[in-house]
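With TSV, C-alpha atoms and all ligand atoms inside, this is run-v3.tsv:
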chain	number	residue	atom	x	y	z
A	274	MET	CA	62.05	135.95	94.22
A	275	GLU	CA	61.17	134.38	90.88
A	276	SER	CA	58.19	132.05	90.76
A	277	ILE	CA	58.67	128.28	90.74
A	278	LYS	CA	57.08	128.24	87.29
A	279	ASP	CA	59.69	130.65	85.91
A	280	LEU	CA	62.54	128.80	87.63
A	281	ARG	CA	61.30	125.51	86.16
A	282	ALA	CA	61.24	127.09	82.73
A	283	GLN	CA	64.92	127.93	83.25
A	284	ILE	CA	65.64	124.34	84.28
A	285	ASP	CA	63.85	123.07	81.15
A	286	LYS	CA	66.14	125.25	79.01
A	287	ILE	CA	69.23	123.97	80.84
A	288	ASP	CA	68.07	120.36	80.38
A	289	GLU	CA	67.74	120.93	76.65
A	290	GLU	CA	71.27	122.27	76.62
A	291	ILE	CA	72.57	119.30	78.68
A	292	LEU	CA	70.82	116.91	76.29
A	293	ARG	CA	72.31	118.67	73.27
A	294	LEU	CA	75.80	118.45	74.81
A	295	LEU	CA	75.36	114.79	75.76
A	296	ASN	CA	74.41	113.95	72.19
A	297	GLU	CA	77.37	115.89	70.88
A	298	ARG	CA	79.65	114.03	73.30
A	299	ALA	CA	78.18	110.68	72.26
A	300	ARG	CA	78.67	111.55	68.56
A	301	ILE	CA	82.37	112.29	69.14
A	302	ALA	CA	82.83	109.16	71.28
A	303	LYS	CA	81.45	107.08	68.39
A	304	ILE	CA	84.00	108.60	66.01
A	305	ILE	CA	86.78	107.88	68.56
A	306	GLY	CA	85.43	104.32	68.65
A	307	GLU	CA	85.81	103.97	64.86
A	308	ALA	CA	89.35	105.37	65.02
A	309	LYS	CA	90.27	102.92	67.77
A	310	ARG	CA	88.82	100.03	65.80
A	311	LYS	CA	90.99	100.99	62.81
A	312	GLU	CA	94.08	101.19	65.00
A	313	GLY	CA	93.17	97.90	66.64
A	314	VAL	CA	93.23	99.31	70.18
A	315	HIS	CA	90.82	98.51	73.01
A	316	LEU	CA	87.60	100.50	72.96
A	317	HIS	CA	87.44	100.66	76.72
A	318	SER	CA	90.19	102.81	78.19
A	319	PRO	CA	90.31	102.76	82.00
A	320	GLU	CA	93.30	105.15	81.92
A	321	ARG	CA	91.37	107.75	79.92
A	322	GLU	CA	88.25	107.31	82.04
A	323	ARG	CA	90.29	107.97	85.16
A	324	GLU	CA	91.72	111.11	83.55
A	325	VAL	CA	88.20	112.35	82.71
A	326	LEU	CA	86.93	111.71	86.25
A	327	GLU	CA	89.90	113.38	87.94
A	328	ARG	CA	89.66	116.37	85.64
A	329	VAL	CA	85.95	117.02	86.23
A	330	ILE	CA	86.34	116.53	89.99
A	331	ARG	CA	89.20	119.06	90.00
A	332	LEU	CA	87.30	121.57	87.83
A	333	ASN	CA	84.24	121.21	90.03
A	334	LYS	CA	86.37	122.19	93.02
A	335	GLU	CA	88.27	125.00	91.31
A	336	LEU	CA	85.39	126.62	89.45
A	337	TYR	CA	82.35	125.82	91.58
A	338	SER	CA	83.81	125.22	95.07
A	339	GLU	CA	82.25	121.76	95.05
A	340	GLN	CA	78.65	123.04	95.12
A	341	ILE	CA	77.90	119.55	93.76
A	342	PRO	CA	79.75	116.95	95.91
A	343	SER	CA	82.71	115.26	94.17
A	344	LYS	CA	81.11	111.84	94.50
A	345	ALA	CA	77.97	112.99	92.71
A	346	VAL	CA	80.07	114.49	89.92
A	347	ALA	CA	81.93	111.19	89.65
A	348	HIS	CA	78.65	109.22	89.46
A	349	ILE	CA	77.21	111.42	86.75
A	350	PHE	CA	80.34	111.30	84.58
A	351	ARG	CA	80.71	107.59	85.24
A	352	GLU	CA	77.24	107.09	83.71
A	353	ILE	CA	77.97	109.43	80.81
A	354	MET	CA	81.11	107.46	79.94
A	355	SER	CA	79.31	104.14	80.40
A	356	MET	CA	76.69	105.31	77.89
A	357	CYS	CA	79.30	106.64	75.43
A	358	LEU	CA	81.22	103.37	75.55
A	359	SER	CA	78.06	101.33	74.96
A	360	LEU	CA	77.41	103.41	71.82
A	361	GLU	CA	80.99	102.91	70.65
A	362	ARG	CA	80.64	99.20	71.05
A	363	ASN	CA	77.22	97.79	70.46
A	364	GLY	CA	75.92	96.49	73.77
A	365	GLY	CA	78.82	97.84	75.81
A	366	ILE	CA	81.40	95.83	77.68
A	367	ARG	CA	80.57	92.58	79.45
A	368	VAL	CA	81.20	92.34	83.16
A	369	ALA	CA	80.83	89.25	85.37
A	370	TYR	CA	80.15	89.68	89.06
A	371	LEU	CA	79.49	87.48	92.05
A	372	GLY	CA	75.69	87.31	92.09
A	373	PRO	CA	72.83	86.93	92.45
A	374	LYS	CA	71.44	90.43	91.92
A	375	ALA	CA	72.01	93.08	94.62
A	376	THR	CA	75.15	91.62	96.16
A	377	PHE	CA	77.71	94.19	97.27
A	378	THR	CA	79.87	92.98	94.36
A	379	HIS	CA	77.01	93.90	92.02
A	380	GLN	CA	76.94	97.36	93.62
A	381	ALA	CA	80.72	97.71	93.22
A	382	ALA	CA	80.51	96.63	89.56
A	383	LEU	CA	77.81	99.23	88.87
A	384	GLU	CA	79.89	101.85	90.62
A	385	TYR	CA	82.90	101.05	88.44
A	386	PHE	CA	81.30	100.38	85.03
A	387	GLY	CA	77.97	102.25	85.20
A	388	LEU	CA	74.49	101.17	84.17
A	389	SER	CA	75.15	100.80	80.44
A	390	ALA	CA	77.56	97.85	80.77
A	391	ASN	CA	76.28	94.32	80.22
A	392	TYR	CA	76.29	92.40	83.45
A	393	VAL	CA	76.66	88.65	83.76
A	394	MET	CA	75.85	87.28	87.16
A	395	VAL	CA	77.67	84.14	88.31
A	396	ASN	CA	77.42	82.07	91.47
A	397	THR	CA	80.96	81.86	92.78
A	398	ILE	CA	84.17	83.88	92.88
A	399	ARG	CA	85.82	81.10	90.87
A	400	ASP	CA	83.19	81.47	88.15
A	401	VAL	CA	84.06	85.17	87.83
A	402	PHE	CA	87.67	84.15	87.10
A	403	VAL	CA	86.53	81.42	84.68
A	404	GLU	CA	84.31	83.84	82.73
A	405	VAL	CA	87.25	86.23	82.31
A	406	GLU	CA	89.78	83.50	81.53
A	407	THR	CA	87.58	81.99	78.80
A	408	ASP	CA	86.82	85.42	77.24
A	409	ARG	CA	83.10	85.14	77.87
A	410	VAL	CA	83.33	88.59	79.50
A	411	ASP	CA	85.75	91.52	79.27
A	412	TYR	CA	86.04	92.05	83.02
A	413	GLY	CA	85.08	90.55	86.34
A	414	VAL	CA	84.51	92.05	89.78
A	415	VAL	CA	85.41	90.19	93.00
A	416	PRO	CA	85.65	91.21	96.68
A	417	VAL	CA	89.18	91.16	98.11
A	418	GLU	CA	89.21	92.70	101.57
A	419	ASN	CA	87.02	94.30	104.19
A	420	THR	CA	88.06	96.83	106.81
A	421	THR	CA	86.43	94.82	109.63
A	422	GLU	CA	86.95	91.24	108.53
A	423	GLY	CA	90.17	91.41	106.54
A	424	VAL	CA	91.06	89.58	103.41
A	425	VAL	CA	88.80	87.38	101.24
A	426	ASN	CA	91.11	84.35	101.05
A	427	TYR	CA	89.15	82.68	98.33
A	428	THR	CA	89.83	85.56	95.94
A	429	LEU	CA	93.57	85.64	96.66
A	430	ASP	CA	93.81	81.89	96.11
A	431	MET	CA	92.27	82.25	92.66
A	432	PHE	CA	95.30	84.28	91.55
A	433	LEU	CA	97.44	81.20	92.21
A	434	GLU	CA	95.35	79.22	89.73
A	435	TYR	CA	94.42	81.71	87.00
A	436	ASN	CA	96.47	84.14	84.94
A	437	THR	CA	93.89	86.88	85.10
A	438	LYS	CA	95.24	90.41	85.71
A	439	ILE	CA	94.04	93.07	88.10
A	440	VAL	CA	92.99	96.13	86.09
A	441	GLY	CA	91.29	98.25	88.73
A	442	GLU	CA	89.93	98.54	92.24
A	443	VAL	CA	86.84	100.06	93.79
A	444	VAL	CA	85.97	100.62	97.45
A	445	ILE	CA	82.39	100.87	98.68
A	446	PRO	CA	80.92	101.40	102.17
A	447	ILE	CA	79.20	98.28	103.49
A	448	LYS	CA	76.03	98.86	105.45
A	449	LEU	CA	74.40	95.66	106.59
A	450	ASN	CA	70.73	95.09	107.35
A	451	LEU	CA	68.66	92.29	108.79
A	452	LEU	CA	66.02	91.32	106.23
A	453	SER	CA	63.11	88.93	106.55
A	454	THR	CA	59.59	88.09	105.41
A	455	ARG	CA	58.65	88.52	109.10
A	456	LEU	CA	57.84	91.87	110.64
A	457	ASP	CA	59.92	91.66	113.83
A	458	LEU	CA	62.80	89.78	115.46
A	459	GLU	CA	60.41	87.50	117.34
A	460	GLY	CA	60.41	84.05	115.75
A	461	ILE	CA	63.72	84.42	113.89
A	462	ARG	CA	65.59	81.16	114.50
A	463	LYS	CA	68.08	81.24	111.62
A	464	VAL	CA	70.23	83.95	110.10
A	465	TYR	CA	71.72	83.40	106.64
A	466	SER	CA	74.49	85.40	105.02
A	467	HIS	CA	77.93	85.38	103.50
A	468	GLY	CA	80.57	84.40	106.11
A	469	HIS	CA	82.10	87.86	106.04
A	470	ALA	CA	78.78	89.61	106.61
A	471	LEU	CA	77.93	87.29	109.54
A	472	ALA	CA	81.34	88.02	111.05
A	473	GLN	CA	80.92	91.78	110.60
A	474	CYS	CA	77.68	91.63	112.66
A	475	ARG	CA	78.96	89.34	115.43
A	476	ASN	CA	78.27	91.78	118.31
A	477	TRP	CA	74.82	92.76	117.08
A	478	LEU	CA	73.81	89.13	116.59
A	479	GLU	CA	75.06	88.09	120.04
A	480	LYS	CA	73.08	90.88	121.65
A	481	ASN	CA	69.87	90.73	119.62
A	482	LEU	CA	69.56	87.17	118.33
A	483	PRO	CA	71.77	85.12	120.70
A	484	HIS	CA	69.92	81.85	120.03
A	485	ALA	CA	69.66	82.04	116.28
A	486	THR	CA	71.64	79.56	114.17
A	487	LEU	CA	74.02	81.30	111.80
A	488	ILE	CA	74.24	79.76	108.34
A	489	GLU	CA	76.79	80.70	105.70
A	490	THR	CA	75.79	81.23	102.09
A	491	GLU	CA	77.74	81.96	98.87
A	492	SER	CA	76.66	85.61	98.95
A	493	THR	CA	74.44	88.04	100.83
A	494	ALA	CA	71.90	88.05	97.99
A	495	LYS	CA	71.78	84.24	97.91
A	496	ALA	CA	70.80	84.45	101.60
A	497	CYS	CA	67.84	86.63	100.58
A	498	GLU	CA	66.68	84.06	98.02
A	499	ILE	CA	66.74	81.40	100.75
A	500	VAL	CA	64.86	83.36	103.41
A	501	LEU	CA	62.11	84.19	100.93
A	502	GLU	CA	61.11	80.53	101.24
A	503	GLN	CA	61.33	80.34	105.05
A	504	ASP	CA	59.18	81.86	107.76
A	505	ASP	CA	61.62	81.66	110.68
A	506	ALA	CA	64.68	83.12	109.05
A	507	ALA	CA	66.44	86.38	108.28
A	508	ALA	CA	69.22	87.37	105.90
A	509	ILE	CA	72.00	89.92	106.37
A	510	ALA	CA	72.34	91.91	103.17
A	511	SER	CA	72.29	95.35	101.54
A	512	GLU	CA	69.38	97.76	101.45
A	513	ALA	CA	69.29	97.28	97.66
A	514	ALA	CA	68.74	93.56	98.30
A	515	ALA	CA	65.71	94.34	100.49
A	516	TYR	CA	64.04	96.08	97.53
A	517	THR	CA	65.19	93.52	94.97
A	518	TYR	CA	63.83	90.56	96.96
A	519	HIS	CA	60.88	92.39	98.56
A	520	LEU	CA	62.01	91.69	102.11
A	521	ASN	CA	61.29	93.75	105.22
A	522	ILE	CA	64.17	95.62	106.84
A	523	LEU	CA	64.05	94.58	110.53
A	524	ALA	CA	67.24	96.39	111.56
A	525	GLN	CA	69.58	98.74	109.74
A	526	ASN	CA	73.34	99.26	109.97
A	527	ILE	CA	73.95	96.23	112.16
A	528	GLN	CA	77.65	95.86	111.28
A	529	ASP	CA	80.00	96.18	114.26
A	530	GLY	CA	82.38	98.75	112.82
A	531	SER	CA	80.99	102.11	111.77
A	532	ASN	CA	83.78	102.43	109.19
A	533	ASN	CA	83.01	99.31	107.26
A	534	TYR	CA	84.33	99.28	103.71
A	535	THR	CA	85.05	96.55	101.21
A	536	ARG	CA	87.63	96.74	98.48
A	537	PHE	CA	86.80	94.98	95.21
A	538	LEU	CA	89.15	94.10	92.38
A	539	VAL	CA	88.33	94.50	88.72
A	540	ILE	CA	89.98	91.65	86.85
A	541	GLY	CA	90.63	91.31	83.14
A	542	LYS	CA	93.20	90.19	80.62
A	543	ARG	CA	94.89	93.40	79.60
A	544	GLU	CA	97.45	95.72	81.05
A	545	VAL	CA	96.48	99.23	82.09
A	546	LYS	CA	98.78	102.15	81.33
A	547	ARG	CA	100.28	104.38	83.99
A	548	THR	CA	98.06	107.16	85.34
A	549	GLY	CA	100.46	108.54	87.98
A	550	LYS	CA	98.26	107.40	90.87
A	551	ASP	CA	98.67	103.68	90.58
A	552	LYS	CA	99.04	100.57	92.64
A	553	THR	CA	100.72	97.29	91.76
A	554	SER	CA	99.70	93.92	93.17
A	555	LEU	CA	102.07	90.99	93.14
A	556	LEU	CA	102.73	87.64	94.72
A	557	PHE	CA	106.06	86.11	95.61
A	558	ALA	CA	107.53	83.08	97.35
A	559	VAL	CA	110.72	82.85	99.40
A	560	LYS	CA	112.84	79.96	100.67
A	561	HIS	CA	112.54	78.76	104.27
A	562	GLN	CA	115.68	80.56	105.30
A	563	ALA	CA	116.57	83.05	108.03
A	564	GLY	CA	116.03	86.58	106.72
A	565	ALA	CA	114.44	85.51	103.39
A	566	LEU	CA	111.33	87.68	103.80
A	567	TYR	CA	113.40	90.50	105.26
A	568	ARG	CA	115.67	90.48	102.20
A	569	ALA	CA	112.69	90.36	99.85
A	570	LEU	CA	111.02	93.36	101.48
A	571	GLU	CA	114.28	95.25	101.46
A	572	SER	CA	113.80	95.58	97.66
A	573	PHE	CA	110.92	97.98	98.31
A	574	TYR	CA	112.74	99.83	101.05
A	575	VAL	CA	115.88	100.37	98.96
A	576	HIS	CA	113.85	101.89	96.11
A	577	GLY	CA	111.61	103.99	98.34
A	578	ILE	CA	108.44	102.07	97.54
A	579	ASN	CA	105.54	102.15	99.95
A	580	LEU	CA	104.09	98.72	100.69
A	581	THR	CA	100.35	99.20	101.30
A	582	LYS	CA	99.53	95.61	102.16
A	583	ILE	CA	101.04	92.18	102.68
A	584	GLU	CA	99.29	88.85	103.30
A	585	SER	CA	100.58	85.33	103.48
A	586	ARG	CA	98.61	82.37	102.11
A	587	PRO	CA	99.43	78.66	102.04
A	588	SER	CA	101.01	77.80	98.67
A	589	LYS	CA	98.82	74.64	98.52
A	590	LYS	CA	101.77	72.83	96.98
A	591	LYS	CA	103.48	71.70	100.18
A	592	ALA	CA	102.50	71.77	103.87
A	593	TRP	CA	103.66	74.92	105.68
A	594	ASP	CA	104.81	76.50	102.45
A	595	TYR	CA	103.57	80.05	101.86
A	596	VAL	CA	103.22	82.70	99.19
A	597	PHE	CA	102.99	86.41	99.94
A	598	PHE	CA	100.52	88.78	98.35
A	599	ALA	CA	101.68	92.39	98.37
A	600	ASP	CA	100.34	95.72	97.14
A	601	ILE	CA	102.77	98.54	96.50
A	602	GLU	CA	102.33	102.14	95.40
A	603	GLY	CA	103.30	102.87	91.80
A	604	HIS	CA	103.10	101.30	88.34
A	605	VAL	CA	105.42	98.71	86.76
A	606	GLU	CA	106.33	101.40	84.19
A	607	ASP	CA	107.71	103.60	87.02
A	608	GLU	CA	111.49	103.35	87.25
A	609	PRO	CA	111.69	102.71	91.06
A	610	VAL	CA	109.01	99.99	90.83
A	611	ARG	CA	110.80	98.35	87.91
A	612	LYS	CA	114.08	98.35	89.85
A	613	ALA	CA	112.44	97.07	93.04
A	614	LEU	CA	110.80	94.22	91.15
A	615	SER	CA	114.01	93.20	89.49
A	616	MET	CA	115.75	93.15	92.90
A	617	LEU	CA	112.82	91.16	94.31
A	618	GLU	CA	113.21	88.61	91.52
A	619	ASP	CA	116.87	88.13	92.43
A	620	ARG	CA	116.00	87.61	96.09
A	621	THR	CA	112.98	85.30	95.85
A	622	GLN	CA	112.02	81.99	94.32
A	623	MET	CA	109.11	83.33	92.33
A	624	VAL	CA	107.48	86.70	91.57
A	625	LYS	CA	104.22	87.14	89.69
A	626	VAL	CA	102.92	90.64	88.97
A	627	LEU	CA	99.13	90.54	89.16
A	628	GLY	CA	98.69	93.98	87.66
A	629	SER	CA	99.29	97.72	87.86
A	630	TYR	CA	96.12	99.75	87.98
A	631	PRO	CA	94.72	103.16	89.00
A	632	ARG	CA	94.14	103.47	92.75
A	633	ALA	CA	90.49	103.62	93.87
A	634	LEU	CA	89.05	107.06	93.13
A	635	PHE	CA	87.52	107.24	96.61
A	636	GLU	CA	89.57	105.15	99.02
A	637	GLU	CA	86.84	105.31	101.63
A	638	GLY	CA	84.03	104.41	99.27
B	701	LIG	C1	85.51	108.03	74.10
B	701	LIG	C2	86.42	107.12	74.44
B	701	LIG	O1	86.10	105.76	74.71
B	701	LIG	C3	85.61	105.31	75.96
B	701	LIG	C4	84.70	106.31	76.55
B	701	LIG	C5	85.22	107.37	77.26
B	701	LIG	C6	84.42	108.60	77.54
B	701	LIG	O2	83.20	108.54	77.36
B	701	LIG	O3	85.01	109.64	77.89
B	701	LIG	C7	86.53	107.27	77.76
B	701	LIG	C8	87.30	106.16	77.54
B	701	LIG	C9	86.82	104.98	76.82
B	701	LIG	O4	86.52	103.96	77.75
B	701	LIG	C10	87.86	107.46	74.53
B	701	LIG	O5	88.70	106.52	74.55
B	701	LIG	O6	88.18	108.65	74.59
What would the structure in this file look like if it were written as structure tokens?
Ligand SMILES: C=C(O[C@@H]1C=C(C(=O)O)C=C[C@H]1O)C(=O)O
Amino acid sequence: MESIKDLRAQIDKIDEEILRLLNERARIAKIIGEAKRKEGVHLHSPEREREVLERVIRLNKELYSEQIPSKAVAHIFREIMSMCLSLERNGGIRVAYLGPKATFTHQAALEYFGLSANYVMVNTIRDVFVEVETDRVDYGVVPVENTTEGVVNYTLDMFLEYNTKIVGEVVIPIKLNLLSTRLDLEGIRKVYSHGHALAQCRNWLEKNLPHATLIETESTAKACEIVLEQDDAAAIASEAAAYTYHLNILAQNIQDGSNNYTRFLVIGKREVKRTGKDKTSLLFAVKHQAGALYRALESFYVHGINLTKIESRPSKKKAWDYVFFADIEGHVEDEPVRKALSMLEDRTQMVKVLGSYPRALFEEG
């Protein structure tokens, strides 16, 4: 076998080659950037980025039998594209997320846009929408549903108030931890976290901290900021948050479901072109009439469209009046989707398309 020294010399050579290729890629991306500027098109192209990611994942399988796991390939190319885009546009794109630092939304934003984007942390889900709506950022990232706890109502309600579009989605696994300045569970009287995180750990909390008071915060990271100042409290948050806020991890993976994932939406102001693996989100309202919802949903059935989700929310205009949020497979540019939506319009009081966007690259994080 070759010596480690010789093998490392080979790696050094490969690294030089990787670096040369990265610089060559960046040079070409900058030229593409100039061309796009001249044509007046958006510098950031989620459609193209998706194409790049799918292509390298496929090649990695075909040519190298996935020696490197697909997710790792996706992460590496995500970062390469994030860097190329930031060179094309000085400072990169601006992305608002529900902060403070090390929330799961922060993690999801990093996963989607990479480390070279410019992140703006805001305190509430509404503020993410406001930042996008007022053009202070290009995109925003908000949580929308969790596999254990269901939908984030607050986010859905924002779509009733703002005209922001959905331009993408990202799913990440949620592993929850009990964090504290203390060294053990003894003496923990209060547990702070986001309502969803508290709910996802209900069984663990009942068993291990049955007498603790549970207190809801705006986010899991906010809970960490609070417990830093208290000596009888713990926060439920991510492992990243433990390092960010220098808290001790008293218990790991305390969420009730082992398959705990959260889906986040990327919101913006533009429309994303068809990629062939898309989803469309919409909301609609029907009259209080026998069969009204049945007739509305028939539009999808008739055109062979798969409905991946439906939720009802109070319209907030009148008591006991509801709107429906639905996700369907396909893009508004697809003929069957177009036909289904036109039929839906005829059969409902109101339809609002929230966006067509590429489906999450990894649907289970
Ligand atoms: C280079 C481009 O611009 C950006 C960077 C990309 C990349 O690094 O591959 C892909 C899409 C754009 O967001 C491009 O549009 O091709």
Neighbours of ligand LIG 701 (chain B) within 8 Å, counting all atoms listed in the file, as a ChimeraX atom specification?
/A:298-299,301-303,305-306,309,316-322,325,353-358,361
Using only C-alpha atoms, which of the listed residues (A:Thr535, A:Ser338, A:Ser389, A:Asn579) sits closest to Val425 of chain A?
A:Thr535
Contacts of Val624 of chain A within 12 Å, only C-alpha atoms, excl. fewer than 2 positions in-chain, as a PyMOL selection string
chain A and resi 433+554-559+569+596-599+613-622+626-627
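Of the listed residues (A:Asp529, A:Asp411, A:Asp457, A:Asp279), A:Asp411 comes nearest to Thr437 of chain A; the distances count all atoms listed in the file.
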Could you tell me how far atom CA of Glu608 of chain A lies from atom CA of His576 of chain A, in Å and to one decimal?
9.3 Å
Residues at most 10 Å from Pro587 of chain A, counting only C-alpha atoms, excluding those fewer than 3 positions away in the same chain, as a list in words?
Asp430, Lys590, Lys591, Ala592, Trp593, Asp594, Tyr595, Val596 and Phe597 of chain A
How would the residues just chosen look if you wrote them out with C-alpha atoms as a tab-separated table (two decimals), in the coordinates of the input?
chain	number	residue	atom	x	y	z
A	430	ASP	CA	93.81	81.89	96.11
A	590	LYS	CA	101.77	72.83	96.98
A	591	LYS	CA	103.48	71.70	100.18
A	592	ALA	CA	102.50	71.77	103.87
A	593	TRP	CA	103.66	74.92	105.68
A	594	ASP	CA	104.81	76.50	102.45
A	595	TYR	CA	103.57	80.05	101.86
A	596	VAL	CA	103.22	82.70	99.19
A	597	PHE	CA	102.99	86.41	99.94
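With only C-alpha atoms as the atoms that count, the minimum distance from Phe350 of chain A to the choices A:Asp551, A:Glu384, A:Glu335, A:Glu636 is reached by A:Glu384.
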Shortest contact to Cys474 of chain A, candidates A:Ile527, A:Ile578, A:Ala506, A:Ile499, atoms counted all atoms listed in the file, goes to A:Ile527
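Atom to atom, atom CA of Tyr412 of chain A and atom CA of Ile540 of chain A stand 5.5 Å apart.
Shortest atom-to-atom contact with Asn476 of chain A among A:Ser572, A:Thr376, A:Gln528, A:Asn333: A:Gln528, counting all atoms listed in the file.
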Glu404 of chain A environment, 10 Å, only C-alpha atoms, sequence neighbours closer than 3 positions dropped, as an MDAnalysis selection string:
chainID A and resid 368:370 393 395 399:401 407:413 541
Residues within 6 Å of Val443 of chain A, please, as an mmCIF file with C-alpha atoms, keeping the file's coordinate frame. Count all atoms listed in the file; anything in the same chain fewer than 3 positions from it doesn't count.
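Saved to result.cif:
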data_model
loop_
_atom_site.group_PDB
_atom_site.id
_atom_site.type_symbol
_atom_site.label_atom_id
_atom_site.label_comp_id
_atom_site.auth_asym_id
_atom_site.auth_seq_id
_atom_site.Cartn_x
_atom_site.Cartn_y
_atom_site.Cartn_z
ATOM 1 C CA ARG A 536 87.630 96.740 98.480
ATOM 2 C CA PHE A 537 86.800 94.980 95.210
ATOM 3 C CA ALA A 633 90.490 103.620 93.870
#
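Taking all atoms listed in the file into account, Ala514 of chain A lies nearest to A:Phe377 out of the set A:Phe377, A:Ile366, A:Val415, A:Ser276.
Between atom CA of Asp607 of chain A and atom CA of Gly549 of chain A the interatomic distance comes to 8.8 Å.
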